[in-house]
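Notes to accompany the following structure.
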Amino acid sequence: MPARTVVCWNGSEAAEAALAWALRRFRASGAAIAIVDVVEYALYLGDSAALDRARSQEQDRLDARTGELDGSDPGAVVSAELLVGDPLELLTARADGETLLVVGTRHRIGPRVRYGWSLGSRLATAAAGAVAVVPVEEDEAAAERQGVVVGVDGSETGRRALAFAAAEAEKLGASLTIVHCWVAPLAEQPLVVPDDEFVTSQESERREMLDDHERTVRDAHPGLAVHSVLLRQNPISGLRLESEHAAMLVVGSRGLTGWKRTWLGSVSHGLILDLAAPTIVVGDGTVVPAARARVTLGA
């Protein structure tokens, strides 16, 4: 579990969804929250008086909200900071390897591509650490969510996400579901029919990989309730299905940069565009706990 939790807050409905999720996590695990509120400097270019008024009003609003939280959830908020500048730049700078950055996202209407450049999507793209993107939903529905789901693919990226998810599940007292989705090679080619024996061998290899991941988690976290799911399905649709009622979905980021990371159509980006659950994207710089070495008994 990350050493710090930073919630992006500005009083909006989406920001309140992010804060509510972080508070539920605090109540379950004791993970305290630092709130960061950003006044976007670009909105007030050339009008320093308007910027000063906006900063003063936002500070008052932030102070009032933290005061409420001190009463409802004592100890939950350890700091609240108001910054002025570019939100993406300032928040990305705080998303280091030991920080979970939490951002909310509003209800989505219309083509999903419109949300490719939302703050949550851009932070998940740019941050080196872990970023949680939390959808707005009714309080009762959010409170009923249970368990941690993680997507793995056998790569180092997947193993990093798995270690992160296992640590979160253990700290939260939640179950862990490890999901691997796959499709047969050339399955999308209508004129190509893969050999049954080849497909069976592919499935067996993937099952072995998934079983190995499950054993690794059980060795590192003996008291954790864990099971695995192998789906012959597109990863985005499969993970959305498995995480529909989860408290969180964890996926890894491939560590690409710039426009490539935004436009390659990665699984993590696809899931952020169509959230089924609060989703944590584990960046390539995220510090995760090392799995306990397995004990081999001698003869």
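Starting from 1 in every chain, residues are counted up; chains themselves are A, B, ... following the order of the structure tokens, and ligands are numbered from 1 as listed.
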
Determine which residues of region 31-230 of chain A DSSP labels as strand (DSSP E) from the backbone of this structure, then write them out as a CSV table (one decimal) with C-alpha atoms, in the first residue's frame.
chain,number,residue,atom,x,y,z
A,33,ILE,CA,-5.4,11.6,3.1
A,34,ALA,CA,-3.6,14.8,1.9
A,35,ILE,CA,-6.0,17.0,0.0
A,36,VAL,CA,-4.6,19.1,-2.9
A,37,ASP,CA,-6.8,21.8,-4.5
A,38,VAL,CA,-5.6,23.7,-7.6
A,39,VAL,CA,-6.7,27.1,-8.9
A,40,GLU,CA,-6.0,26.9,-12.6
A,77,VAL,CA,-7.0,14.4,6.6
A,78,VAL,CA,-3.5,15.2,7.5
A,79,SER,CA,-3.0,18.2,5.3
A,80,ALA,CA,-4.9,20.4,2.8
A,81,GLU,CA,-3.0,22.5,0.3
A,82,LEU,CA,-4.2,25.1,-2.2
A,83,LEU,CA,-2.0,25.6,-5.2
A,84,VAL,CA,-2.1,27.9,-8.2
A,85,GLY,CA,-0.9,26.8,-11.6
A,99,THR,CA,1.9,8.1,-3.6
A,100,LEU,CA,-1.6,7.0,-4.6
A,101,LEU,CA,-3.2,10.0,-6.4
A,102,VAL,CA,-7.0,9.9,-6.3
A,103,VAL,CA,-9.1,11.8,-8.8
A,104,GLY,CA,-12.8,11.7,-9.6
A,105,THR,CA,-14.6,11.7,-12.9
A,130,ALA,CA,-0.3,5.0,-9.0
A,131,VAL,CA,-3.5,6.9,-10.0
A,132,ALA,CA,-7.0,6.0,-8.9
A,133,VAL,CA,-9.8,7.2,-11.1
A,134,VAL,CA,-13.1,7.1,-9.2
A,135,PRO,CA,-16.5,7.4,-11.0
A,148,VAL,CA,-10.1,-6.1,-5.2
A,149,VAL,CA,-9.7,-7.3,-8.8
A,150,VAL,CA,-6.4,-7.2,-10.7
A,151,GLY,CA,-5.6,-7.8,-14.3
A,176,LEU,CA,-8.4,-10.6,-4.2
A,177,THR,CA,-9.5,-11.8,-7.7
A,178,ILE,CA,-6.7,-12.3,-10.2
A,179,VAL,CA,-8.0,-12.1,-13.8
A,180,HIS,CA,-6.2,-13.0,-17.0
A,181,CYS,CA,-8.0,-12.5,-20.3
A,226,VAL,CA,-7.5,-15.1,-3.2
A,227,HIS,CA,-8.8,-16.9,-6.3
A,228,SER,CA,-8.1,-16.6,-10.0
A,229,VAL,CA,-10.2,-16.3,-13.2
A,230,LEU,CA,-9.1,-17.2,-16.7

Open item on the list: Using only C-alpha atoms, which protein or nucleic acid residues come within 12 Å of Arg159 (chain A)? Drop anything in the same chain fewer than 2 positions from it, and give the result as a PyMOL selection string.
Closed with: chain A and resi 150-157+161-166+178+180+209-210+212-214+216-217+250-254+282-284+286+288-291

Would you put the residues from that selection into a file with C-alpha atoms, as a compact mmCIF listing (two decimals), in the first residue's frame?
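Okay, this is what ended up in part.txt:
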# COMPACT_ATOMS: atom_id res chain seq x y z
CA VAL A 150 -6.42 -7.17 -10.66
CA GLY A 151 -5.64 -7.82 -14.32
CA VAL A 152 -2.44 -9.71 -15.15
CA ASP A 153 -0.81 -10.73 -18.42
CA GLY A 154 2.42 -12.45 -17.38
CA SER A 155 4.53 -9.33 -17.88
CA GLU A 156 6.52 -7.31 -15.36
CA THR A 157 3.81 -4.67 -15.64
CA ALA A 161 -0.03 -4.49 -10.53
CA LEU A 162 -0.51 -7.85 -8.79
CA ALA A 163 1.86 -6.97 -5.93
CA PHE A 164 0.11 -3.61 -5.50
CA ALA A 165 -3.37 -5.17 -5.53
CA ALA A 166 -2.42 -7.91 -3.06
CA ILE A 178 -6.67 -12.30 -10.21
CA HIS A 180 -6.19 -13.05 -17.00
CA MET A 209 0.87 -18.67 -15.47
CA LEU A 210 -2.25 -17.67 -13.57
CA ASP A 212 1.81 -19.38 -10.53
CA HIS A 213 0.63 -15.82 -9.84
CA GLU A 214 -1.90 -17.16 -7.34
CA THR A 216 3.05 -16.17 -5.38
CA VAL A 217 0.32 -14.12 -3.72
CA VAL A 250 -6.03 -2.59 -10.44
CA VAL A 251 -4.21 -2.63 -13.77
CA GLY A 252 -0.64 -1.88 -14.79
CA SER A 253 0.67 0.79 -17.09
CA ARG A 254 3.20 -0.12 -19.76
CA VAL A 282 -0.12 1.35 -11.41
CA GLY A 283 2.63 3.33 -13.12
CA ASP A 284 6.05 1.92 -13.90
CA THR A 286 5.30 2.69 -8.38
CA VAL A 288 5.41 -2.09 -4.52
CA PRO A 289 6.21 -4.59 -1.74
CA ALA A 290 8.47 -7.44 -2.78
CA ALA A 291 6.86 -10.87 -2.70

Can you pull out the residues contacting Phe26 (chain A)? Cut-off 10 Å, using only C-alpha atoms, and skip same-chain residues under 6 positions away; I want them as an mmCIF file with N, CA, C and O atoms, in the first residue's frame.
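Below you can see selection-v4.cif, which holds the result:
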data_model
loop_
_atom_site.group_PDB
_atom_site.id
_atom_site.type_symbol
_atom_site.label_atom_id
_atom_site.label_comp_id
_atom_site.auth_asym_id
_atom_site.auth_seq_id
_atom_site.Cartn_x
_atom_site.Cartn_y
_atom_site.Cartn_z
ATOM 1 N N THR A 5 -1.546 9.085 0.378
ATOM 2 C CA THR A 5 -2.735 9.168 -0.463
ATOM 3 C C THR A 5 -3.058 10.638 -0.670
ATOM 4 O O THR A 5 -3.286 11.365 0.307
ATOM 5 N N ALA A 20 -14.793 10.680 -1.135
ATOM 6 C CA ALA A 20 -15.591 9.651 -0.452
ATOM 7 C C ALA A 20 -14.911 8.284 -0.556
ATOM 8 O O ALA A 20 -14.886 7.506 0.411
ATOM 9 N N ALA A 32 -4.305 7.646 5.691
ATOM 10 C CA ALA A 32 -4.704 9.042 5.811
ATOM 11 C C ALA A 32 -4.564 9.774 4.482
ATOM 12 O O ALA A 32 -3.899 9.303 3.547
ATOM 13 N N ILE A 33 -5.192 10.945 4.411
ATOM 14 C CA ILE A 33 -5.370 11.648 3.144
ATOM 15 C C ILE A 33 -4.739 13.032 3.196
ATOM 16 O O ILE A 33 -4.890 13.761 4.181
ATOM 17 N N ASP A 73 -14.646 12.580 10.337
ATOM 18 C CA ASP A 73 -13.618 11.531 10.241
ATOM 19 C C ASP A 73 -12.311 12.033 10.845
ATOM 20 O O ASP A 73 -11.360 12.356 10.122
ATOM 21 N N GLY A 75 -8.734 12.571 12.027
ATOM 22 C CA GLY A 75 -7.479 11.931 11.641
ATOM 23 C C GLY A 75 -7.388 11.529 10.197
ATOM 24 O O GLY A 75 -6.318 11.111 9.733
ATOM 25 N N ALA A 76 -8.493 11.632 9.459
ATOM 26 C CA ALA A 76 -8.475 11.196 8.057
ATOM 27 C C ALA A 76 -7.625 12.121 7.191
ATOM 28 O O ALA A 76 -6.880 11.665 6.327
ATOM 29 N N VAL A 77 -7.757 13.423 7.400
ATOM 30 C CA VAL A 77 -7.045 14.403 6.571
ATOM 31 C C VAL A 77 -5.855 14.947 7.353
ATOM 32 O O VAL A 77 -6.027 15.569 8.410
ATOM 33 N N LEU A 172 -6.897 -3.756 3.377
ATOM 34 C CA LEU A 172 -8.316 -3.444 3.453
ATOM 35 C C LEU A 172 -9.149 -4.575 4.039
ATOM 36 O O LEU A 172 -10.339 -4.400 4.304
#

Pick out the residues sitting within 8 Å of Val287 (chain A), and hand them over as a PDB file with all heavy atoms, in the first residue's frame; count only C-alpha atoms, and ignore anything fewer than 2 positions along from it in its own chain.
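Full text of part.pdb as output:
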ATOM      1  N   PRO A   2       0.568   2.248  -0.832  1.00  0.00           N
ATOM      2  CA  PRO A   2       1.404   3.452  -0.910  1.00  0.00           C
ATOM      3  C   PRO A   2       1.513   4.168   0.429  1.00  0.00           C
ATOM      4  O   PRO A   2       0.596   4.126   1.260  1.00  0.00           O
ATOM      5  CB  PRO A   2       0.672   4.316  -1.944  1.00  0.00           C
ATOM      6  CG  PRO A   2      -0.145   3.355  -2.735  1.00  0.00           C
ATOM      7  CD  PRO A   2      -0.537   2.281  -1.791  1.00  0.00           C
ATOM      8  N   GLY A  97       6.450   7.460  -6.801  1.00  0.00           N
ATOM      9  CA  GLY A  97       6.296   6.020  -6.643  1.00  0.00           C
ATOM     10  C   GLY A  97       5.675   5.578  -5.342  1.00  0.00           C
ATOM     11  O   GLY A  97       5.213   4.434  -5.236  1.00  0.00           O
ATOM     12  N   GLU A  98       5.657   6.442  -4.330  1.00  0.00           N
ATOM     13  CA  GLU A  98       5.117   6.062  -3.030  1.00  0.00           C
ATOM     14  C   GLU A  98       3.785   6.740  -2.735  1.00  0.00           C
ATOM     15  O   GLU A  98       3.329   6.747  -1.596  1.00  0.00           O
ATOM     16  CB  GLU A  98       6.130   6.394  -1.932  1.00  0.00           C
ATOM     17  CG  GLU A  98       7.425   5.589  -2.054  1.00  0.00           C
ATOM     18  CD  GLU A  98       8.366   5.841  -0.902  1.00  0.00           C
ATOM     19  OE1 GLU A  98       8.215   6.874  -0.213  1.00  0.00           O
ATOM     20  OE2 GLU A  98       9.240   4.998  -0.674  1.00  0.00           O
ATOM     21  N   GLY A 129       3.717   7.212 -10.626  1.00  0.00           N
ATOM     22  CA  GLY A 129       3.156   6.381  -9.569  1.00  0.00           C
ATOM     23  C   GLY A 129       1.776   5.871  -9.895  1.00  0.00           C
ATOM     24  O   GLY A 129       1.377   5.781 -11.055  1.00  0.00           O
ATOM     25  N   GLY A 285       6.777   3.521 -12.186  1.00  0.00           N
ATOM     26  CA  GLY A 285       7.630   3.967 -11.099  1.00  0.00           C
ATOM     27  C   GLY A 285       7.071   3.668  -9.723  1.00  0.00           C
ATOM     28  O   GLY A 285       7.669   4.046  -8.708  1.00  0.00           O
ATOM     29  N   PRO A 289       5.512  -3.669  -2.642  1.00  0.00           N
ATOM     30  CA  PRO A 289       6.211  -4.586  -1.735  1.00  0.00           C
ATOM     31  C   PRO A 289       6.716  -5.807  -2.486  1.00  0.00           C
ATOM     32  O   PRO A 289       6.028  -6.350  -3.353  1.00  0.00           O
ATOM     33  CB  PRO A 289       5.142  -4.970  -0.710  1.00  0.00           C
ATOM     34  CG  PRO A 289       3.829  -4.734  -1.418  1.00  0.00           C
ATOM     35  CD  PRO A 289       4.076  -3.572  -2.339  1.00  0.00           C
TER      36      PRO A 289
END

CA of Pro87 (chain A) sits from CA of Gln59 (chain A) at a separation of 15.9 Å

Problem set entry | Per-residue DSSP, region 46-132 of chain A, filtered to alpha helix (DSSP H), as an MDAnalysis selection string | chainID A and resid 48:72 87:93 119:126

Which residues come within 9 Å of Arg65 (chain A), counting only C-alpha atoms, excluding same-chain residues fewer than 5 positions away, as a PDB file with N, CA and C atoms, in the first residue's frame?
ATOM      1  N   GLY A  11     -14.164  20.749  -4.894  1.00  0.00           N
ATOM      2  CA  GLY A  11     -15.556  20.974  -4.529  1.00  0.00           C
ATOM      3  C   GLY A  11     -16.578  20.443  -5.506  1.00  0.00           C
ATOM      4  N   ASP A  60     -11.188  29.517   1.341  1.00  0.00           N
ATOM      5  CA  ASP A  60     -12.291  29.464   2.300  1.00  0.00           C
ATOM      6  C   ASP A  60     -13.081  28.168   2.149  1.00  0.00           C
ATOM      7  N   ASP A  70     -12.778  17.033   9.747  1.00  0.00           N
ATOM      8  CA  ASP A  70     -12.205  16.880  11.079  1.00  0.00           C
ATOM      9  C   ASP A  70     -13.274  16.427  12.075  1.00  0.00           C
TER      10      ASP A  70
END

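Distances from A:Leu62, A:Met248, A:Val183, A:Ala220 to Val281 (chain A) were compared using only C-alpha atoms, and the smallest one belongs to A:Met248.
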
note - CA of Thr279 (chain A) and CA of Asn10 (chain A) are separated by 20.2 Å

key: Length of the CA of Ala124 (chain A) to CA of Gly173 (chain A) vector [Å]   =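 Taking CA of Ala124 (chain A) as the start and CA of Gly173 (chain A) as the end point, the length is 25.8 Å.
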
(message) Residues within 9 Å of Lys171 (chain A), please, as a PyMOL selection string. Count only C-alpha atoms; anything in the same chain fewer than 6 positions from it doesn't count.
(response) chain A and resi 1+28-30

Please produce a file of those selected residues containing N, CA and C atoms, as a PDB file, in the first residue's frame.
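The file below, again_2.pdb, is the result:
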ATOM      1  N   MET A   1       0.852  -1.188   0.000  1.00  0.00           N
ATOM      2  CA  MET A   1       0.000   0.000   0.000  1.00  0.00           C
ATOM      3  C   MET A   1       0.887   1.237   0.000  1.00  0.00           C
ATOM      4  N   ALA A  28     -11.153   1.690   6.432  1.00  0.00           N
ATOM      5  CA  ALA A  28     -10.827   0.268   6.397  1.00  0.00           C
ATOM      6  C   ALA A  28      -9.356  -0.012   6.691  1.00  0.00           C
ATOM      7  N   SER A  29      -8.479   0.922   6.330  1.00  0.00           N
ATOM      8  CA  SER A  29      -7.051   0.631   6.403  1.00  0.00           C
ATOM      9  C   SER A  29      -6.228   1.634   7.202  1.00  0.00           C
ATOM     10  N   GLY A  30      -6.820   2.792   7.506  1.00  0.00           N
ATOM     11  CA  GLY A  30      -6.064   3.822   8.208  1.00  0.00           C
ATOM     12  C   GLY A  30      -5.190   4.659   7.301  1.00  0.00           C
TER      13      GLY A  30
END
